[in-house]
Each structure stands twice: as C-alpha cells, then as structure tokens.
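See below for the structure under consideration.
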Amino acid sequence: MNETGRPQDSPLSNPRADRVRKVAQLAGRPARLKRSEFLAEGPQAVREALVLHQKRIAAGEPGLVYEVYASEACLDRHPDLEALAEGTTAFLATEEVLAAMADTVNPQGILAVCGFLDVSLEQVLDAGPRLIAVLCQVRDPGNAGTVLRAADAAGADAVILTGSSVDIYNPKAVRSTAGSLFHLPVVLGADVEDLAARFKERGIGVLAADGQGQLDLDLLQDQNAARRLGAPAGNAESVYALENPTAWLFGNEAQGLSEAELSLADHRVAVPVYGAAESLNVGTAATVCLYASARSQKRS
C-alpha cells in the first residue's frame, strides 16, 4: 500500500503478463481444481468475500482471499473495499488488465482470487440444520447460483450439490449468487441416496419439488396454518409439518428429478401454476418452496 492507501503507485498495465494470465486461467475448471481457487468478480461479490476473509482472520482461521485487483475508479466509487482489503495482497490494475482477467465482457472494476470454501456434509449435519436446499443434477450455473441466493435469502442453513451438478465455482455461478456464496455452507459432490439416508438418521424430512407431485404446496401451507391455529387440518395423513427440519430436493432444468430421486422423498410437492405457463424454472420453484418452509419455521 502507498501513502494514499492504494496498493501501489503504478497500476498493472500489461494484459499479457504472467500474473494476468494466471488469474484468467481460473475461468476454466482445470485451473480451479488444480489450485483450489476461484474468481469473485464485482464489488458485491468481492465485498462479501473480504468480509468473510476478515472474520476468519479475526477468529484465527486461514484467510479466504488471496489476491485483489481493482481499478482506481472502482476504489473511488467503493472506498470501503480498500479498508476491507487491508492485509491482503492487493494490486491496482488498468481496465484493460481487469478485462483480460475477468470472465465477463464488461468487468466491474474489481475481482478477487479466493480459496475454495465448501465444507463437508458432516459439518452441516452436526450444526443441526433446519432448512437445506439440495440441487440434483442442476447443470446451469445461473440456475445454481440463483438457488443458492434464494436459499440464503430464505435463511436456509446449507446448500448441497450432487456430484453431477454444475461446478458452483464457475464464474457465472459465482456471479449469480450475488455474494451469497460467502454467507452459508455449501457441500459439493454429494450422493443423493446417501443424503436421504443421512437426513433420515438426523430426523430431517425430505420434500421433492415435483411439478406432477400429488401434494399441492398451497394446500400444505394451508394445513400447516390451520394446525398452528388449532383448526381442522383436513386429511391428517397428507400433512407434513413445514416447520420441521426439512431438506428440499430440486432437479435438473430439463428433466426435473428422476424417479430414483423422487423415490427418496417423503412427499412430492407441486408448486401450483395458475396461469398458462407450462412450468416454473428451478430457481423460481426453489424460491417458492424454501420460503414456504422458512415462513412456517419462523412462525412456529
């Protein structure tokens, strides 16, 4: 840092420099896996990464952010980022260099190289989770990031991706989380059958989001509300207590959940569609389902 608080007097300006190429390689999965590093791009994502980094350092844990690259203009617009980056390896860079490093066509003036942050399934289960989102064969990075963001907003305790799902460290997936990747635990490479068995051991119910499901989410919420108020809940056998610890299964964008995956659930739940749309995409369906559980859990 120089006396103005900026990383150095002369910004990195050569887009073909070895350092620049090394950062740019993280747009590809092989480099990410080899180095256990990924890119966070834009002020929001970098801010959340740095906040988590500082929390870890304060707790005596290894840091998360290895390098930060920013333009003068970005730091002028977001002065808080300079303070958050204190103690990290930080560099000023020209817009041309940032464009060469970033995965986006129009970079937002700052990016950070971060270490992988996924955790083990045991860590999640040992924390006593009440709401979990499970992505089964979700392969679109934008959808995966959207579900993770929705889970964060709904107050979920973790997001779990099966082994056949997208790489959550894909730059598009990271951007789609809008910083939520740094807010809640993420488990990668899980086996859905093992998950279902582990959930059962811990008393966590499993609900499958299924457009053809026989249990209507609206009806389920009505029954839960009636039960909380002491009113008749209708067919008691169909009631699932949404306030109980729950893991929601969300399936592939095109095929949804497979029959094998559906068979692992306690109930198959359909989000009602009132208009002419054929169906909801996985991000929207996940948001509705997770909020239904979160609402019941908060009110119980």
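Naming works like this for the structure tokens: A, B, ... for the chains as they're shown, residue 1 at the start of each chain, ligands 1 onward in shown order.
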Spatial neighbours of Leu52 in chain A, max dist 10 Å, only C-alpha atoms, sep filter under 3 positions, as a PDB file with all heavy atoms, in the first residue's frame:
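Generated file (out.pdb):
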```
ATOM      1  N   VAL A  46     -16.896  -9.308  -4.206  1.00  0.00           N
ATOM      2  CA  VAL A  46     -15.608  -9.101  -3.554  1.00  0.00           C
ATOM      3  C   VAL A  46     -15.802  -8.591  -2.135  1.00  0.00           C
ATOM      4  O   VAL A  46     -15.097  -9.002  -1.203  1.00  0.00           O
ATOM      5  CB  VAL A  46     -14.729  -8.139  -4.375  1.00  0.00           C
ATOM      6  CG1 VAL A  46     -13.450  -7.799  -3.621  1.00  0.00           C
ATOM      7  CG2 VAL A  46     -14.387  -8.753  -5.736  1.00  0.00           C
ATOM      8  N   ARG A  47     -16.765  -7.721  -1.944  1.00  0.00           N
ATOM      9  CA  ARG A  47     -17.042  -7.218  -0.593  1.00  0.00           C
ATOM     10  C   ARG A  47     -17.400  -8.361   0.356  1.00  0.00           C
ATOM     11  O   ARG A  47     -16.881  -8.451   1.478  1.00  0.00           O
ATOM     12  CB  ARG A  47     -18.178  -6.195  -0.641  1.00  0.00           C
ATOM     13  CG  ARG A  47     -18.535  -5.620   0.733  1.00  0.00           C
ATOM     14  CD  ARG A  47     -19.641  -4.591   0.629  1.00  0.00           C
ATOM     15  NE  ARG A  47     -19.188  -3.376  -0.039  1.00  0.00           N
ATOM     16  CZ  ARG A  47     -19.550  -3.012  -1.269  1.00  0.00           C
ATOM     17  NH1 ARG A  47     -20.371  -3.792  -1.972  1.00  0.00           N
ATOM     18  NH2 ARG A  47     -19.095  -1.902  -1.799  1.00  0.00           N
ATOM     19  N   GLU A  48     -18.298  -9.226  -0.067  1.00  0.00           N
ATOM     20  CA  GLU A  48     -18.717 -10.340   0.797  1.00  0.00           C
ATOM     21  C   GLU A  48     -17.564 -11.315   1.039  1.00  0.00           C
ATOM     22  O   GLU A  48     -17.423 -11.858   2.136  1.00  0.00           O
ATOM     23  CB  GLU A  48     -19.910 -11.075   0.176  1.00  0.00           C
ATOM     24  CG  GLU A  48     -21.141 -10.210  -0.051  1.00  0.00           C
ATOM     25  CD  GLU A  48     -21.620  -9.524   1.206  1.00  0.00           C
ATOM     26  OE1 GLU A  48     -21.451 -10.085   2.304  1.00  0.00           O
ATOM     27  OE2 GLU A  48     -22.172  -8.404   1.095  1.00  0.00           O
ATOM     28  N   ALA A  49     -16.739 -11.515   0.014  1.00  0.00           N
ATOM     29  CA  ALA A  49     -15.571 -12.383   0.190  1.00  0.00           C
ATOM     30  C   ALA A  49     -14.608 -11.782   1.210  1.00  0.00           C
ATOM     31  O   ALA A  49     -14.068 -12.490   2.078  1.00  0.00           O
ATOM     32  CB  ALA A  49     -14.864 -12.585  -1.150  1.00  0.00           C
ATOM     33  N   LYS A  55     -13.377 -12.017   8.925  1.00  0.00           N
ATOM     34  CA  LYS A  55     -13.942 -12.777  10.042  1.00  0.00           C
ATOM     35  C   LYS A  55     -13.076 -13.993  10.354  1.00  0.00           C
ATOM     36  O   LYS A  55     -12.843 -14.319  11.519  1.00  0.00           O
ATOM     37  CB  LYS A  55     -15.372 -13.214   9.717  1.00  0.00           C
ATOM     38  CG  LYS A  55     -16.401 -12.101   9.765  1.00  0.00           C
ATOM     39  CD  LYS A  55     -17.783 -12.646   9.439  1.00  0.00           C
ATOM     40  CE  LYS A  55     -18.837 -11.543   9.508  1.00  0.00           C
ATOM     41  NZ  LYS A  55     -20.186 -12.060   9.156  1.00  0.00           N
ATOM     42  N   ARG A  56     -12.634 -14.651   9.297  1.00  0.00           N
ATOM     43  CA  ARG A  56     -11.783 -15.827   9.504  1.00  0.00           C
ATOM     44  C   ARG A  56     -10.450 -15.441  10.147  1.00  0.00           C
ATOM     45  O   ARG A  56      -9.979 -16.123  11.061  1.00  0.00           O
ATOM     46  CB  ARG A  56     -11.539 -16.531   8.167  1.00  0.00           C
ATOM     47  CG  ARG A  56     -12.744 -17.274   7.617  1.00  0.00           C
ATOM     48  CD  ARG A  56     -12.342 -18.072   6.385  1.00  0.00           C
ATOM     49  NE  ARG A  56     -13.405 -18.926   5.911  1.00  0.00           N
ATOM     50  CZ  ARG A  56     -13.261 -19.838   4.947  1.00  0.00           C
ATOM     51  NH1 ARG A  56     -12.072 -19.971   4.360  1.00  0.00           N
ATOM     52  NH2 ARG A  56     -14.268 -20.584   4.573  1.00  0.00           N
ATOM     53  N   ILE A  57      -9.858 -14.382   9.669  1.00  0.00           N
ATOM     54  CA  ILE A  57      -8.587 -13.939  10.234  1.00  0.00           C
ATOM     55  C   ILE A  57      -8.762 -13.580  11.706  1.00  0.00           C
ATOM     56  O   ILE A  57      -7.940 -13.945  12.560  1.00  0.00           O
ATOM     57  CB  ILE A  57      -8.035 -12.726   9.450  1.00  0.00           C
ATOM     58  CG1 ILE A  57      -7.697 -13.133   7.996  1.00  0.00           C
ATOM     59  CG2 ILE A  57      -6.809 -12.152  10.137  1.00  0.00           C
ATOM     60  CD1 ILE A  57      -6.630 -14.182   7.869  1.00  0.00           C
ATOM     61  N   ALA A  58      -9.857 -12.874  12.018  1.00  0.00           N
ATOM     62  CA  ALA A  58     -10.111 -12.476  13.403  1.00  0.00           C
ATOM     63  C   ALA A  58     -10.311 -13.682  14.310  1.00  0.00           C
ATOM     64  O   ALA A  58     -10.004 -13.634  15.507  1.00  0.00           O
ATOM     65  CB  ALA A  58     -11.333 -11.562  13.467  1.00  0.00           C
ATOM     66  N   GLY A  63      -7.196 -17.416   5.969  1.00  0.00           N
ATOM     67  CA  GLY A  63      -7.961 -16.452   5.193  1.00  0.00           C
ATOM     68  C   GLY A  63      -8.578 -17.079   3.956  1.00  0.00           C
ATOM     69  O   GLY A  63      -8.305 -18.224   3.593  1.00  0.00           O
ATOM     70  N   LEU A  64      -9.427 -16.309   3.293  1.00  0.00           N
ATOM     71  CA  LEU A  64     -10.139 -16.782   2.113  1.00  0.00           C
ATOM     72  C   LEU A  64      -9.646 -16.095   0.842  1.00  0.00           C
ATOM     73  O   LEU A  64      -9.532 -16.722  -0.202  1.00  0.00           O
ATOM     74  CB  LEU A  64     -11.638 -16.520   2.285  1.00  0.00           C
ATOM     75  CG  LEU A  64     -12.519 -16.743   1.058  1.00  0.00           C
ATOM     76  CD1 LEU A  64     -12.628 -18.237   0.746  1.00  0.00           C
ATOM     77  CD2 LEU A  64     -13.900 -16.142   1.261  1.00  0.00           C
ATOM     78  N   VAL A  65      -9.338 -14.797   0.932  1.00  0.00           N
ATOM     79  CA  VAL A  65      -8.980 -14.009  -0.243  1.00  0.00           C
ATOM     80  C   VAL A  65      -7.463 -13.952  -0.372  1.00  0.00           C
ATOM     81  O   VAL A  65      -6.775 -13.491   0.530  1.00  0.00           O
ATOM     82  CB  VAL A  65      -9.559 -12.588  -0.142  1.00  0.00           C
ATOM     83  CG1 VAL A  65      -9.143 -11.752  -1.350  1.00  0.00           C
ATOM     84  CG2 VAL A  65     -11.080 -12.646  -0.028  1.00  0.00           C
ATOM     85  N   LEU A  84     -11.464  -3.058   3.680  1.00  0.00           N
ATOM     86  CA  LEU A  84     -11.695  -4.497   3.793  1.00  0.00           C
ATOM     87  C   LEU A  84     -10.520  -5.298   3.245  1.00  0.00           C
ATOM     88  O   LEU A  84     -10.234  -6.399   3.717  1.00  0.00           O
ATOM     89  CB  LEU A  84     -12.975  -4.880   3.058  1.00  0.00           C
ATOM     90  CG  LEU A  84     -14.295  -4.484   3.717  1.00  0.00           C
ATOM     91  CD1 LEU A  84     -15.458  -4.748   2.781  1.00  0.00           C
ATOM     92  CD2 LEU A  84     -14.487  -5.244   5.029  1.00  0.00           C
ATOM     93  N   PHE A 182     -20.774 -16.635  -0.066  1.00  0.00           N
ATOM     94  CA  PHE A 182     -19.935 -16.389   1.108  1.00  0.00           C
ATOM     95  C   PHE A 182     -20.741 -16.307   2.406  1.00  0.00           C
ATOM     96  O   PHE A 182     -20.192 -15.969   3.452  1.00  0.00           O
ATOM     97  CB  PHE A 182     -19.142 -15.100   0.903  1.00  0.00           C
ATOM     98  CG  PHE A 182     -18.329 -15.093  -0.360  1.00  0.00           C
ATOM     99  CD1 PHE A 182     -18.761 -14.405  -1.480  1.00  0.00           C
ATOM    100  CD2 PHE A 182     -17.145 -15.817  -0.438  1.00  0.00           C
ATOM    101  CE1 PHE A 182     -18.023 -14.416  -2.663  1.00  0.00           C
ATOM    102  CE2 PHE A 182     -16.400 -15.836  -1.610  1.00  0.00           C
ATOM    103  CZ  PHE A 182     -16.837 -15.135  -2.714  1.00  0.00           C
ATOM    104  N   HIS A 183     -22.033 -16.624   2.336  1.00  0.00           N
ATOM    105  CA  HIS A 183     -22.902 -16.474   3.508  1.00  0.00           C
ATOM    106  C   HIS A 183     -23.319 -17.774   4.175  1.00  0.00           C
ATOM    107  O   HIS A 183     -23.658 -17.768   5.365  1.00  0.00           O
ATOM    108  CB  HIS A 183     -24.184 -15.722   3.120  1.00  0.00           C
ATOM    109  CG  HIS A 183     -23.957 -14.310   2.722  1.00  0.00           C
ATOM    110  ND1 HIS A 183     -24.927 -13.540   2.122  1.00  0.00           N
ATOM    111  CD2 HIS A 183     -22.869 -13.502   2.835  1.00  0.00           C
ATOM    112  CE1 HIS A 183     -24.452 -12.334   1.877  1.00  0.00           C
ATOM    113  NE2 HIS A 183     -23.196 -12.294   2.293  1.00  0.00           N
TER     114      HIS A 183
END
```
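By chain and then residue number, the residues within 6 Å of range 241-258 of chain A are Arg130, Leu131, Ile132, Ala133, Val134, Leu135, Cys136, Gln137, Val138, Ile204, Gly205, Val206, Leu207, Ala208, Ala209, Glu261, Ser293, Ser296 and Gln297 of chain A, counting only C-alpha atoms and disregarding those fewer than 3 positions away in sequence.
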Requested write-out: C-alpha atoms of the selected residues, as a tab-separated table (two decimals), in the first residue's frame:
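Result saved to selection_35.tsv:
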```
chain	number	residue	atom	x	y	z
A	130	ARG	CA	-33.45	-26.86	9.88
A	131	LEU	CA	-33.61	-25.96	6.19
A	132	ILE	CA	-31.42	-27.32	3.38
A	133	ALA	CA	-31.58	-26.95	-0.41
A	134	VAL	CA	-30.31	-29.92	-2.43
A	135	LEU	CA	-29.51	-29.46	-6.12
A	136	CYS	CA	-29.78	-32.75	-8.00
A	137	GLN	CA	-28.15	-32.66	-11.44
A	138	VAL	CA	-28.69	-28.90	-11.78
A	204	ILE	CA	-34.71	-34.23	8.66
A	205	GLY	CA	-37.70	-34.63	6.36
A	206	VAL	CA	-37.17	-34.78	2.60
A	207	LEU	CA	-39.50	-32.99	0.18
A	208	ALA	CA	-39.14	-33.21	-3.59
A	209	ALA	CA	-40.18	-30.25	-5.72
A	261	GLU	CA	-34.51	-39.24	-6.77
A	293	SER	CA	-40.64	-23.74	4.81
A	296	SER	CA	-43.58	-21.88	8.76
A	297	GLN	CA	-40.36	-22.25	10.72
```
> Quick one: DSSP alpha helix (DSSP H) residues in range 25-99 of chain A, as an NGL selection string?
Replying inline: :A and (29-35 or 43-58 or 72-77 or 80-84 or 95-99)
Grab the residues selected above and save them as a PDB file, in the first residue's frame with C-alpha atoms.
```
ATOM      1  CA  ARG A  29     -12.405 -25.656 -14.330  1.00  0.00           C
ATOM      2  CA  PRO A  30      -8.999 -27.436 -14.675  1.00  0.00           C
ATOM      3  CA  ALA A  31      -7.107 -24.487 -13.190  1.00  0.00           C
ATOM      4  CA  ARG A  32      -9.684 -24.080 -10.420  1.00  0.00           C
ATOM      5  CA  LEU A  33      -9.412 -27.717  -9.395  1.00  0.00           C
ATOM      6  CA  LYS A  34      -5.632 -27.779  -9.608  1.00  0.00           C
ATOM      7  CA  ARG A  35      -5.196 -24.683  -7.449  1.00  0.00           C
ATOM      8  CA  PRO A  43     -17.910  -5.018  -5.866  1.00  0.00           C
ATOM      9  CA  GLN A  44     -20.701  -7.008  -4.215  1.00  0.00           C
ATOM     10  CA  ALA A  45     -19.051 -10.416  -4.505  1.00  0.00           C
ATOM     11  CA  VAL A  46     -15.608  -9.101  -3.554  1.00  0.00           C
ATOM     12  CA  ARG A  47     -17.042  -7.218  -0.593  1.00  0.00           C
ATOM     13  CA  GLU A  48     -18.717 -10.340   0.797  1.00  0.00           C
ATOM     14  CA  ALA A  49     -15.571 -12.383   0.190  1.00  0.00           C
ATOM     15  CA  LEU A  50     -13.462  -9.822   2.057  1.00  0.00           C
ATOM     16  CA  VAL A  51     -15.918  -9.642   4.962  1.00  0.00           C
ATOM     17  CA  LEU A  52     -15.729 -13.414   5.371  1.00  0.00           C
ATOM     18  CA  HIS A  53     -11.956 -13.259   4.968  1.00  0.00           C
ATOM     19  CA  GLN A  54     -11.633 -10.731   7.790  1.00  0.00           C
ATOM     20  CA  LYS A  55     -13.942 -12.777  10.042  1.00  0.00           C
ATOM     21  CA  ARG A  56     -11.783 -15.827   9.504  1.00  0.00           C
ATOM     22  CA  ILE A  57      -8.587 -13.939  10.234  1.00  0.00           C
ATOM     23  CA  ALA A  58     -10.111 -12.476  13.403  1.00  0.00           C
ATOM     24  CA  GLU A  72      -8.660   3.406  -9.341  1.00  0.00           C
ATOM     25  CA  ALA A  73     -12.161   4.311 -10.472  1.00  0.00           C
ATOM     26  CA  CYS A  74     -13.710   1.347  -8.671  1.00  0.00           C
ATOM     27  CA  LEU A  75     -11.928   2.148  -5.416  1.00  0.00           C
ATOM     28  CA  ASP A  76     -13.082   5.768  -5.711  1.00  0.00           C
ATOM     29  CA  ARG A  77     -16.695   4.548  -6.029  1.00  0.00           C
ATOM     30  CA  ASP A  80     -14.974   0.623   1.871  1.00  0.00           C
ATOM     31  CA  LEU A  81     -13.309  -2.024  -0.257  1.00  0.00           C
ATOM     32  CA  GLU A  82      -9.882  -0.568   0.450  1.00  0.00           C
ATOM     33  CA  ALA A  83     -10.335  -0.982   4.195  1.00  0.00           C
ATOM     34  CA  LEU A  84     -11.695  -4.497   3.793  1.00  0.00           C
ATOM     35  CA  GLU A  95      -9.384  -1.638 -17.039  1.00  0.00           C
ATOM     36  CA  GLU A  96      -7.609  -3.471 -19.881  1.00  0.00           C
ATOM     37  CA  VAL A  97      -5.882  -5.795 -17.425  1.00  0.00           C
ATOM     38  CA  LEU A  98      -9.098  -6.415 -15.497  1.00  0.00           C
ATOM     39  CA  ALA A  99     -10.868  -7.237 -18.759  1.00  0.00           C
TER      40      ALA A  99
END
```
> Looking at only C-alpha atoms, which of A:Ser36, A:Asn106, A:Ser300, A:Thr287 is the one that sits closest to Leu229 in chain A?
Replying inline: A:Ser300
> Which is closest to Arg16 in chain A among A:Val269, A:Ala178, A:Ala100, A:Ala93, if we use only C-alpha atoms?
Replying inline: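 For Arg16 in chain A, the nearest of the given residues is A:Ala100.
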>> What does the structure give for the distance between CA of Thr162 in chain A and CA of Asp194 in chain A, in Å to one decimal?
In response: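 Going from CA of Thr162 in chain A over to CA of Asp194 in chain A covers 10.4 Å.
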> Could you state the separation of CA of Asp157 in chain A and CA of Pro185 in chain A in Å, given to one decimal place?
Replying inline: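 Between these atoms lies a distance of 7.0 Å.
Secondary structure of range 92-127 of chain A, strand (DSSP E or B) only (DSSP, backbone atoms): Leu92, Ala93, Ile110, Leu111, Ala112, Val113, Cys114 and Gly115 of chain A.
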>> For Val271 in chain A, find every residue with an atom within 7 Å (counting only C-alpha atoms), except residues of its own chain fewer than 2 positions away, and show them as a ChimeraX atom specification.
In response: /A:211,216-217,269,273,285
> For Asp218 in chain A, which of A:Ile168, A:Val105, A:Ala270, A:Leu121 is the closest residue, counting only C-alpha atoms?
Replying inline: A:Ala270
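Residue nearest Val23 in chain A within the list A:Thr88, A:Ala70, A:Val186, A:Ala112: A:Ala112 [criterion: smallest interatomic distance, only C-alpha atoms].
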